[in-house]
Amino acid sequence: MYAIECRDIVKSFGEPPLVVLKSISLSIEKGDFVGITGRSGSGKSTLLYVTSGLDELTSGEVLLSGKNIHEFESKELHLFRNRKMGFVFQFHYLLPELTALENILIPARKFKEEKKRTKYALELMEEFDVIHCRDKIPSKMSGGEMQRTAIARALIMDPELLFADEPTGNLDSENGTKVMDILKEVNRRIGTTILMVTHEPDFAAMAKRQIHLTDGRIDKDSSISRGKRK
């Protein structure tokens with residue numbers, strides 16, 4: 001069973017329809033780390049959004065751990081997303097009135113597991129070098145500290161799948177490299193499957209596999225040259 005499987009997915013917007021994704025099919029194995037690249041407007045963020053269930057498909061199927069998420073009822077999708085999936089975006093989306101630790105524990109609070117996971121949250125903060133921000137609100141933190149806190153929040157429920165949309169987009173090169181090192185370590189140590197959109201070729205090269213989109217289609221897939229199944 002693949003971690004992520006896209007079968008002939010199409011996504012269009014508007015009327016008359018603008019087709020952004022054009023019959024894309026791909027399979028991602030458990031524990032893989034895949035970077036999606038392409039020029040602005042190529043469809044890379046749209047691919048991540050429909051693959052993660054954050055946006056609807058026009059046609060096709062997306063299977064996550066063998067389950068067709070676009071057939072889920074709203075409550076079922078919400079539960080699956082919060083238990084099995086983590087999200088990191090270009091902007092951190094930390095709640096401004098909460099401390100770093102409180103922000104990290106938000107997903108655990110939804111399942112009344114805040115106390116149970118506090119120790120793990122502190123361990124993540126130590127690992128990501130933001131333990132000194134434990135009691136700081138976001139306005140008192142740097143951009144790199146906020147993004148590393150956001151990654152810790154995405155990992156607090158031990159997700160099987162992590163979706164990252166330009167996670168280094170608002171960071172300087174030093175902090176961007178720190179974030180990428182964290183993602184690589186999470187993938188290596190925990191085995192979390194990561195699907196990451198990036199416009200940075202150097203950061204994309206740090207993933208195990210690269211998929212390049214042009215005009216809504218896959219035109220390069222590094223897994224093919226390594227002899228893996230597409």
# chains A, B, ... in the order shown; residues from 1 in each chain; ligands from 1
>>> select_by_dssp(residues="chain A", states="strand (DSSP E or B)", output="JSON, numbers by chain")
{"A": [4, 5, 6, 7, 8, 9, 10, 11, 12, 13, 18, 19, 20, 21, 22, 23, 24, 25, 26, 27, 28, 33, 34, 35, 36, 37, 38, 59, 60, 61, 62, 63, 64, 67, 68, 85, 86, 87, 88, 161, 162, 163, 164, 165, 193, 194, 195, 196, 197, 209, 210, 211, 212, 213, 214, 217, 218, 219, 220, 221]}
>>> residues_around(residues="segment 44-49 of chain A", least_positions_apart="4", cutoff="10 Å", atoms="only C-alpha atoms", output="number ranges by chain")
A: 6, 9-12, 20-21, 24, 35-40, 53-57, 163-166, 195-199, 211-218
>>> closest_residue(among="A:Leu155, A:Leu161, A:Met146, A:Val62", to="Asn175 of chain A", atoms="only C-alpha atoms")
A:Met146
>>> select_by_dssp(residues="segment 60-226 of chain A", states="helix (DSSP H, G or I)", output="PyMOL selection string")
chain A and resi 69-71+74-84+100-104+106-110+114-127+131-133+138-140+143-155+173-190+201-204+222-225
>>> closest_residue(among="A:Leu77, A:Ala152, A:Ile104, A:Met206", to="Thr177 of chain A", atoms="only C-alpha atoms")
A:Met206
>>> closest_residue(among="A:Ala207, A:Leu63, A:Lys22, A:Gly41", to="Glu5 of chain A", atoms="only C-alpha atoms")
A:Leu63
>>> closest_residue(among="A:His92, A:Arg153, A:Lys220, A:Arg148", to="Thr118 of chain A", atoms="only C-alpha atoms")
A:Arg153
>>> atom_distance(atom1="atom CA of Ala204 of chain A", atom2="atom CA of Phe33 of chain A")
9.9 Å
>>> closest_residue(among="A:Glu160, A:Asp181, A:Asp172, A:Asp135", to="Phe80 of chain A", atoms="only C-alpha atoms")
A:Glu160
>>> residues_around(residues="Arg83 of chain A", least_positions_apart="4", cutoff="8 Å", atoms="only C-alpha atoms", output="PyMOL selection string")
chain A and resi 79+157-159
